[in-house]
Amino acid sequence: MEGPLQTFVHVCHENGQWMSQLPEKLWDIPLYNLALPGSHDTMTYCLDKSSAVSGNESKLVKFLNKCLPCIVRPIIMKWSITQVLTVTEQLEAGVRYLDFRIAHKANDPSMNLYFVHMVYTTVTVQDILWQILRWLETHPQEVVIIACRNFDGLTRRLHNHLVACIKEIFQCKLCPRNVVPTLRTMWHLGHQVIVSYEEEVELGKHCELWPPIPYWWGNKTSTRALIRYLERMKRMGRPGKFFVAGINLTENLRYILVHPFGSLKKMTLRSLPCLKIWIKQQYPGPKRKCINIIAGDFIGNNDFVKDVIELNTKINPPLLCQSEVEQIAFNSQLPNL
């Protein structure tokens with residue numbers, strides 16, 4: 001029997017300026033060695049219920065959606081929406097990593113680009129980039145990482161158009177990839193935006209674009225299985241620069257059939273208490289088992305953003321991760337030989 005679910009969504013405006021409020025001892029640490037909250041599939045709060053199914057989806061999904069739209073479409077929406085806060089509300093809540101899945105609609109003669117997660121969004125990429133700029137202008141010491149990935153239907157011409165839009169909108173706020181992105185450096189240079197781009201040709205042509213940011217995606221329906229996956233990835237060692245530990249669960253067909261009245265939101269909310277414990281145990285930093293960006297679904301529920309930000313209080317340069325701290329404590333208890 002299913003228990004009650006927390007559905008309350010709260011935007012904590014106290015986190016809107018959290019980077020500017022970090023202690024000075026953290027200003028010279030690269031952002032890839034800090035703990036940063038992120039949102040997985042950032043733009044799914046505005047999926048278009050009437051849009052076509054994405055070109056990347058399977059032929060079976062497209063066929064069922066075409067033949068049984070009254071049944072299939074509500075199911076698609078229940079399992080596609082991962083966020084309820086708008087992008088501005090997410091930034092105001094403290095999110096600093098945005099996961100953008102960008103697409104061009106099939107048979108659309110225009111240059112308009114949208115976001116996608118099974119179906120397309122109602123808003124265009126360009127409109128959202130302008131919204132982010134307006135937010136940054138009122139938060140001059142905050143830095144946002146935008147991951148452009150999982151491109152769907154973009155031709156070379158559309159890639160050129162997207163990069164041109166990014167450069168036109170953010171201009172000198174874009175941080176080139178040859179800069180070590182510490183807060184002190186970015187504040188000094190006026191940079192506020194780091195854009196990672198999952199396409200090699202454009203990456204080679206523009207110094208303002210950063211390489212793709214690895215995303216640890218567990219592809220698990222169970223919270224325990226997801227945590228085991230994340231711990232296994234930590235044992236293998238973190239990447240050298242930016243990376244994301246995704247705490248988002250992922251449904252599959254079997255799970256959907258077994259939970260006919262379920263949704264991704266219900267699935268996520270049940271997992272939050274265990275994931276909260278896992279988050280609080282993490283340490284940011286350059287060491288092998290340390291974390292960087294932690295991204296989740298429905299980030300307005302519970303204290304996810306606050307918990308990730310507070311991990312930075314564990315940093316005391318030079319940083320020691322938990323395993324090293326425990327080893328030092330153990331060694332200190334040994335008798336002198």
# chains A, B, ... in the order shown; residues from 1 in each chain; ligands from 1

call {"tool": "residues_around", "arguments": {"residues": "A:Tyr120", "least_positions_apart": "4", "cutoff": "8 Å", "atoms": "only C-alpha atoms", "output": "list in words"}}
result
Leu47, Asp48, Ser51, Ala52, Val53, Ser54, Ala103, Lys105, Tyr114, Phe115 and Val116 of chain A

call {"tool": "closest_atom_pairs", "arguments": {"of": "stretch 187-230 of chain A", "to": "stretch 84-98 of chain A", "cutoff": "10 Å", "atoms": "only C-alpha atoms", "output": "Markdown table"}}
result
| residue | atom | partner | partner_atom | distance |
| --- | --- | --- | --- | --- |
| A:Val193 | CA | A:Arg96 | CA | 9.8 |
| A:Ile194 | CA | A:Tyr97 | CA | 9.4 |
| A:Val195 | CA | A:Leu98 | CA | 9.7 |

call {"tool": "closest_atom_pairs", "arguments": {"of": "stretch 171-285 of chain A", "to": "stretch 13-33 of chain A", "cutoff": "9 Å", "atoms": "only C-alpha atoms", "output": "JSON lines"}}
result
{"residue": "A:Val180", "atom": "CA", "partner": "A:Pro30", "partner_atom": "CA", "distance": 6.4}
{"residue": "A:Pro181", "atom": "CA", "partner": "A:Pro30", "partner_atom": "CA", "distance": 5.2}
{"residue": "A:Thr182", "atom": "CA", "partner": "A:Pro30", "partner_atom": "CA", "distance": 4.3}
{"residue": "A:Leu183", "atom": "CA", "partner": "A:Trp27", "partner_atom": "CA", "distance": 4.9}
{"residue": "A:Arg184", "atom": "CA", "partner": "A:Trp27", "partner_atom": "CA", "distance": 5.1}
{"residue": "A:Thr185", "atom": "CA", "partner": "A:Asp28", "partner_atom": "CA", "distance": 7.6}
{"residue": "A:Gly240", "atom": "CA", "partner": "A:Tyr32", "partner_atom": "CA", "distance": 8.2}
{"residue": "A:Lys241", "atom": "CA", "partner": "A:Tyr32", "partner_atom": "CA", "distance": 5.3}
{"residue": "A:Phe242", "atom": "CA", "partner": "A:Tyr32", "partner_atom": "CA", "distance": 4.7}
{"residue": "A:Phe243", "atom": "CA", "partner": "A:Tyr32", "partner_atom": "CA", "distance": 7.4}
{"residue": "A:Pro284", "atom": "CA", "partner": "A:Asn33", "partner_atom": "CA", "distance": 5.9}
{"residue": "A:Gly285", "atom": "CA", "partner": "A:Asn33", "partner_atom": "CA", "distance": 4.2}

call {"tool": "write_last_selection", "arguments": {"atoms": "N, CA, C and O atoms", "output": "PDB file, in the first residue's frame"}}
result
ATOM      1  N   VAL A 180      40.850  28.833 -15.791  1.00  0.00           N
ATOM      2  CA  VAL A 180      40.572  28.006 -14.616  1.00  0.00           C
ATOM      3  C   VAL A 180      39.411  28.674 -13.880  1.00  0.00           C
ATOM      4  O   VAL A 180      39.560  29.782 -13.355  1.00  0.00           O
ATOM      5  N   PRO A 181      38.241  28.019 -13.830  1.00  0.00           N
ATOM      6  CA  PRO A 181      37.028  28.712 -13.387  1.00  0.00           C
ATOM      7  C   PRO A 181      36.865  28.769 -11.867  1.00  0.00           C
ATOM      8  O   PRO A 181      36.019  28.088 -11.286  1.00  0.00           O
ATOM      9  N   THR A 182      37.681  29.603 -11.225  1.00  0.00           N
ATOM     10  CA  THR A 182      37.449  29.880  -9.804  1.00  0.00           C
ATOM     11  C   THR A 182      36.506  31.070  -9.701  1.00  0.00           C
ATOM     12  O   THR A 182      36.386  31.868 -10.641  1.00  0.00           O
ATOM     13  N   LEU A 183      35.862  31.209  -8.570  1.00  0.00           N
ATOM     14  CA  LEU A 183      34.961  32.353  -8.390  1.00  0.00           C
ATOM     15  C   LEU A 183      35.716  33.664  -8.484  1.00  0.00           C
ATOM     16  O   LEU A 183      35.256  34.616  -9.136  1.00  0.00           O
ATOM     17  N   ARG A 184      36.877  33.740  -7.847  1.00  0.00           N
ATOM     18  CA  ARG A 184      37.625  35.004  -7.861  1.00  0.00           C
ATOM     19  C   ARG A 184      37.987  35.403  -9.296  1.00  0.00           C
ATOM     20  O   ARG A 184      37.829  36.567  -9.695  1.00  0.00           O
ATOM     21  N   THR A 185      38.447  34.426 -10.085  1.00  0.00           N
ATOM     22  CA  THR A 185      38.826  34.713 -11.467  1.00  0.00           C
ATOM     23  C   THR A 185      37.615  35.123 -12.300  1.00  0.00           C
ATOM     24  O   THR A 185      37.663  36.098 -13.063  1.00  0.00           O
ATOM     25  N   GLY A 240      38.610  14.504 -14.041  1.00  0.00           N
ATOM     26  CA  GLY A 240      39.482  15.586 -13.591  1.00  0.00           C
ATOM     27  C   GLY A 240      38.791  16.928 -13.463  1.00  0.00           C
ATOM     28  O   GLY A 240      39.191  17.749 -12.639  1.00  0.00           O
ATOM     29  N   LYS A 241      37.773  17.167 -14.288  1.00  0.00           N
ATOM     30  CA  LYS A 241      37.115  18.484 -14.235  1.00  0.00           C
ATOM     31  C   LYS A 241      35.631  18.292 -13.912  1.00  0.00           C
ATOM     32  O   LYS A 241      35.284  17.523 -13.037  1.00  0.00           O
ATOM     33  N   PHE A 242      34.752  19.035 -14.586  1.00  0.00           N
ATOM     34  CA  PHE A 242      33.333  18.961 -14.240  1.00  0.00           C
ATOM     35  C   PHE A 242      32.771  17.555 -14.485  1.00  0.00           C
ATOM     36  O   PHE A 242      33.115  16.896 -15.462  1.00  0.00           O
ATOM     37  N   PHE A 243      31.900  17.120 -13.597  1.00  0.00           N
ATOM     38  CA  PHE A 243      31.138  15.908 -13.831  1.00  0.00           C
ATOM     39  C   PHE A 243      29.893  15.951 -12.963  1.00  0.00           C
ATOM     40  O   PHE A 243      29.814  16.695 -11.989  1.00  0.00           O
ATOM     41  N   PRO A 284      32.969  17.319  -1.497  1.00  0.00           N
ATOM     42  CA  PRO A 284      33.465  17.895  -2.756  1.00  0.00           C
ATOM     43  C   PRO A 284      34.986  18.005  -2.728  1.00  0.00           C
ATOM     44  O   PRO A 284      35.594  18.027  -1.659  1.00  0.00           O
ATOM     45  N   GLY A 285      35.590  18.075  -3.901  1.00  0.00           N
ATOM     46  CA  GLY A 285      37.035  18.259  -3.962  1.00  0.00           C
ATOM     47  C   GLY A 285      37.663  17.475  -5.084  1.00  0.00           C
ATOM     48  O   GLY A 285      36.992  16.794  -5.853  1.00  0.00           O
TER      49      GLY A 285
END

call {"tool": "closest_residue", "arguments": {"among": "A:Leu272, A:Gln192, A:Leu154, A:Pro109", "to": "A:Thr138", "atoms": "only C-alpha atoms"}}
result
A:Gln192

call {"tool": "closest_residue", "arguments": {"among": "A:Tyr45, A:Trp79, A:Phe261, A:Trp187", "to": "A:His139", "atoms": "only C-alpha atoms"}}
result
A:Trp187

call {"tool": "residues_around", "arguments": {"residues": "A:Met77", "least_positions_apart": "2", "cutoff": "10 Å", "atoms": "only C-alpha atoms", "output": "list in words"}}
result
Thr44, Leu47, Asp48, Lys49, Val72, Arg73, Pro74, Ile75, Trp79, Ser80, Ile81, Thr82, His117, Met118, Val119, Ser263 and Leu264 of chain A

call {"tool": "write_last_selection", "arguments": {"atoms": "N, CA and C atoms", "output": "PDB file, in the first residue's frame"}}
result
ATOM      1  N   THR A  44      11.718  20.173 -18.592  1.00  0.00           N
ATOM      2  CA  THR A  44      10.513  19.351 -18.788  1.00  0.00           C
ATOM      3  C   THR A  44       9.271  19.907 -18.110  1.00  0.00           C
ATOM      4  N   LEU A  47       6.724  20.884 -21.114  1.00  0.00           N
ATOM      5  CA  LEU A  47       6.494  20.007 -22.258  1.00  0.00           C
ATOM      6  C   LEU A  47       5.133  20.292 -22.882  1.00  0.00           C
ATOM      7  N   ASP A  48       5.082  20.202 -24.198  1.00  0.00           N
ATOM      8  CA  ASP A  48       3.869  20.495 -24.948  1.00  0.00           C
ATOM      9  C   ASP A  48       3.037  19.213 -25.096  1.00  0.00           C
ATOM     10  N   LYS A  49       1.882  19.184 -24.449  1.00  0.00           N
ATOM     11  CA  LYS A  49       1.030  17.984 -24.484  1.00  0.00           C
ATOM     12  C   LYS A  49       0.573  17.635 -25.891  1.00  0.00           C
ATOM     13  N   VAL A  72      -1.966   6.617 -24.570  1.00  0.00           N
ATOM     14  CA  VAL A  72      -0.495   6.696 -24.536  1.00  0.00           C
ATOM     15  C   VAL A  72      -0.001   8.076 -24.130  1.00  0.00           C
ATOM     16  N   ARG A  73      -0.649   9.140 -24.617  1.00  0.00           N
ATOM     17  CA  ARG A  73      -0.132  10.487 -24.350  1.00  0.00           C
ATOM     18  C   ARG A  73      -0.092  10.823 -22.854  1.00  0.00           C
ATOM     19  N   PRO A  74      -1.160  10.532 -22.065  1.00  0.00           N
ATOM     20  CA  PRO A  74      -1.066  10.800 -20.620  1.00  0.00           C
ATOM     21  C   PRO A  74       0.052  10.010 -19.947  1.00  0.00           C
ATOM     22  N   ILE A  75       0.294   8.794 -20.410  1.00  0.00           N
ATOM     23  CA  ILE A  75       1.377   7.992 -19.838  1.00  0.00           C
ATOM     24  C   ILE A  75       2.727   8.638 -20.142  1.00  0.00           C
ATOM     25  N   TRP A  79       5.538  10.249 -17.235  1.00  0.00           N
ATOM     26  CA  TRP A  79       6.886   9.720 -17.062  1.00  0.00           C
ATOM     27  C   TRP A  79       7.950  10.569 -17.756  1.00  0.00           C
ATOM     28  N   SER A  80       7.559  11.696 -18.323  1.00  0.00           N
ATOM     29  CA  SER A  80       8.524  12.580 -18.995  1.00  0.00           C
ATOM     30  C   SER A  80       8.848  13.829 -18.184  1.00  0.00           C
ATOM     31  N   ILE A  81       7.893  14.288 -17.385  1.00  0.00           N
ATOM     32  CA  ILE A  81       8.098  15.530 -16.619  1.00  0.00           C
ATOM     33  C   ILE A  81       8.988  15.240 -15.421  1.00  0.00           C
ATOM     34  N   THR A  82      10.123  15.939 -15.354  1.00  0.00           N
ATOM     35  CA  THR A  82      11.083  15.739 -14.258  1.00  0.00           C
ATOM     36  C   THR A  82      11.224  16.972 -13.368  1.00  0.00           C
ATOM     37  N   HIS A 117      12.096  15.907 -24.215  1.00  0.00           N
ATOM     38  CA  HIS A 117      12.172  14.690 -23.409  1.00  0.00           C
ATOM     39  C   HIS A 117      10.952  13.859 -23.783  1.00  0.00           C
ATOM     40  N   MET A 118      11.101  13.055 -24.782  1.00  0.00           N
ATOM     41  CA  MET A 118      10.023  12.287 -25.433  1.00  0.00           C
ATOM     42  C   MET A 118       9.139  13.182 -26.293  1.00  0.00           C
ATOM     43  N   VAL A 119       8.706  14.326 -25.747  1.00  0.00           N
ATOM     44  CA  VAL A 119       7.983  15.320 -26.552  1.00  0.00           C
ATOM     45  C   VAL A 119       8.709  16.660 -26.417  1.00  0.00           C
ATOM     46  N   SER A 263       3.905   7.540 -11.414  1.00  0.00           N
ATOM     47  CA  SER A 263       4.460   8.609 -12.236  1.00  0.00           C
ATOM     48  C   SER A 263       5.911   8.793 -11.819  1.00  0.00           C
ATOM     49  N   LEU A 264       6.651   9.519 -12.633  1.00  0.00           N
ATOM     50  CA  LEU A 264       8.046   9.780 -12.286  1.00  0.00           C
ATOM     51  C   LEU A 264       8.135  10.593 -10.999  1.00  0.00           C
TER      52      LEU A 264
END

call {"tool": "atom_distance", "arguments": {"atom1": "atom CA of A:Gly262", "atom2": "atom CA of A:Lys78"}}
result
7.9 Å

call {"tool": "residues_around", "arguments": {"residues": "A:Gly237", "least_positions_apart": "6", "cutoff": "9 Å", "atoms": "only C-alpha atoms", "output": "list in words"}}
result
Lys287, Arg288, Lys289 and Cys290 of chain A

call {"tool": "write_last_selection", "arguments": {"atoms": "N, CA and C atoms", "output": "CSV table (one decimal), in the first residue's frame"}}
result
chain,number,residue,atom,x,y,z
A,287,LYS,N,39.8,14.9,-4.9
A,287,LYS,CA,40.3,13.6,-4.6
A,287,LYS,C,39.4,12.6,-5.3
A,288,ARG,N,39.9,11.3,-5.3
A,288,ARG,CA,39.3,10.3,-6.2
A,288,ARG,C,37.8,10.0,-5.9
A,289,LYS,N,37.4,10.0,-4.7
A,289,LYS,CA,36.0,9.7,-4.3
A,289,LYS,C,35.2,10.9,-4.1
A,290,CYS,N,35.7,12.1,-4.4
A,290,CYS,CA,34.9,13.3,-4.2
A,290,CYS,C,33.9,13.6,-5.3

call {"tool": "residues_around", "arguments": {"residues": "A:Glu310", "least_positions_apart": "5", "cutoff": "10 Å", "atoms": "only C-alpha atoms", "output": "list of chain:residue names"}}
result
A:Ala35, A:Leu36, A:Lys280, A:Val305, A:Ile315

call {"tool": "select_by_dssp", "arguments": {"residues": "stretch 68-201 of chain A", "states": "alpha helix (DSSP H)", "output": "VMD selection string"}}
result
chain A and resid 69 to 80 87 to 93 125 to 137 156 to 170 183 to 189 200 to 201

call {"tool": "select_by_dssp", "arguments": {"residues": "stretch 115-174 of chain A", "states": "strand (DSSP E or B)", "output": "list in words"}}
result
Phe115, Val116, His117, Val119, Tyr120, Thr121, Thr122, Val123, Thr124, Val144, Ile145, Ile146, Ala147, Cys148, Arg149, Asn150, Phe151, Asp152 and Leu174 of chain A

call {"tool": "write_last_selection", "arguments": {"atoms": "N, CA, C and O atoms", "output": "mmCIF file, in the first residue's frame"}}
result
data_model
loop_
_atom_site.group_PDB
_atom_site.id
_atom_site.type_symbol
_atom_site.label_atom_id
_atom_site.label_comp_id
_atom_site.auth_asym_id
_atom_site.auth_seq_id
_atom_site.Cartn_x
_atom_site.Cartn_y
_atom_site.Cartn_z
ATOM 1 N N PHE A 115 13.438 22.308 -26.494
ATOM 2 C CA PHE A 115 13.973 21.280 -25.605
ATOM 3 C C PHE A 115 13.104 20.048 -25.763
ATOM 4 O O PHE A 115 11.946 20.131 -26.197
ATOM 5 N N VAL A 116 13.654 18.891 -25.390
ATOM 6 C CA VAL A 116 12.917 17.662 -25.659
ATOM 7 C C VAL A 116 13.154 16.630 -24.566
ATOM 8 O O VAL A 116 14.257 16.520 -24.018
ATOM 9 N N HIS A 117 12.096 15.907 -24.215
ATOM 10 C CA HIS A 117 12.172 14.690 -23.409
ATOM 11 C C HIS A 117 10.952 13.859 -23.783
ATOM 12 O O HIS A 117 9.886 14.021 -23.211
ATOM 13 N N VAL A 119 8.706 14.326 -25.747
ATOM 14 C CA VAL A 119 7.983 15.320 -26.552
ATOM 15 C C VAL A 119 8.709 16.660 -26.417
ATOM 16 O O VAL A 119 9.606 16.816 -25.597
ATOM 17 N N TYR A 120 8.303 17.614 -27.231
ATOM 18 C CA TYR A 120 8.986 18.897 -27.279
ATOM 19 C C TYR A 120 8.361 19.899 -26.303
ATOM 20 O O TYR A 120 7.220 19.744 -25.873
ATOM 21 N N THR A 121 9.109 20.943 -25.994
ATOM 22 C CA THR A 121 8.626 21.971 -25.078
ATOM 23 C C THR A 121 7.806 23.027 -25.822
ATOM 24 O O THR A 121 7.859 23.134 -27.048
ATOM 25 N N THR A 122 7.098 23.827 -25.043
ATOM 26 C CA THR A 122 6.324 24.929 -25.621
ATOM 27 C C THR A 122 7.202 26.151 -25.866
ATOM 28 O O THR A 122 6.832 27.030 -26.639
ATOM 29 N N VAL A 123 8.344 26.230 -25.203
ATOM 30 C CA VAL A 123 9.215 27.401 -25.324
ATOM 31 C C VAL A 123 10.421 27.061 -26.190
ATOM 32 O O VAL A 123 10.828 25.911 -26.301
ATOM 33 N N THR A 124 11.022 28.085 -26.770
ATOM 34 C CA THR A 124 12.204 27.877 -27.605
ATOM 35 C C THR A 124 13.476 28.037 -26.776
ATOM 36 O O THR A 124 13.473 28.657 -25.705
ATOM 37 N N VAL A 144 26.544 30.064 -13.777
ATOM 38 C CA VAL A 144 25.648 29.003 -14.231
ATOM 39 C C VAL A 144 26.363 28.151 -15.274
ATOM 40 O O VAL A 144 27.012 28.676 -16.183
ATOM 41 N N ILE A 145 26.240 26.842 -15.126
ATOM 42 C CA ILE A 145 26.783 25.894 -16.098
ATOM 43 C C ILE A 145 25.628 25.370 -16.931
ATOM 44 O O ILE A 145 24.647 24.843 -16.389
ATOM 45 N N ILE A 146 25.728 25.522 -18.245
ATOM 46 C CA ILE A 146 24.683 25.067 -19.164
ATOM 47 C C ILE A 146 25.250 23.915 -19.989
ATOM 48 O O ILE A 146 26.222 24.099 -20.727
ATOM 49 N N ALA A 147 24.653 22.749 -19.849
ATOM 50 C CA ALA A 147 25.089 21.584 -20.615
ATOM 51 C C ALA A 147 24.152 21.381 -21.795
ATOM 52 O O ALA A 147 22.975 21.050 -21.607
ATOM 53 N N CYS A 148 24.655 21.594 -23.006
ATOM 54 C CA CYS A 148 23.875 21.380 -24.225
ATOM 55 C C CYS A 148 24.199 19.977 -24.738
ATOM 56 O O CYS A 148 25.329 19.706 -25.146
ATOM 57 N N ARG A 149 23.198 19.094 -24.713
ATOM 58 C CA ARG A 149 23.489 17.683 -24.980
ATOM 59 C C ARG A 149 22.307 16.964 -25.613
ATOM 60 O O ARG A 149 21.234 17.559 -25.767
ATOM 61 N N ASN A 150 22.556 15.712 -25.985
ATOM 62 C CA ASN A 150 21.507 14.861 -26.575
ATOM 63 C C ASN A 150 20.789 15.559 -27.725
ATOM 64 O O ASN A 150 19.560 15.573 -27.800
ATOM 65 N N PHE A 151 21.566 16.148 -28.627
ATOM 66 C CA PHE A 151 20.961 16.883 -29.739
ATOM 67 C C PHE A 151 20.095 15.959 -30.597
ATOM 68 O O PHE A 151 20.477 14.831 -30.910
ATOM 69 N N ASP A 152 18.936 16.476 -30.974
ATOM 70 C CA ASP A 152 17.956 15.688 -31.730
ATOM 71 C C ASP A 152 17.551 16.484 -32.969
ATOM 72 O O ASP A 152 16.899 17.525 -32.854
ATOM 73 N N LEU A 174 30.424 34.719 -21.203
ATOM 74 C CA LEU A 174 30.871 33.354 -21.470
ATOM 75 C C LEU A 174 32.315 33.177 -21.014
ATOM 76 O O LEU A 174 33.192 33.973 -21.344
#

call {"tool": "atom_distance", "arguments": {"atom1": "atom CA of A:Asn178", "atom2": "atom CA of A:Ile291"}}
result
22.2 Å
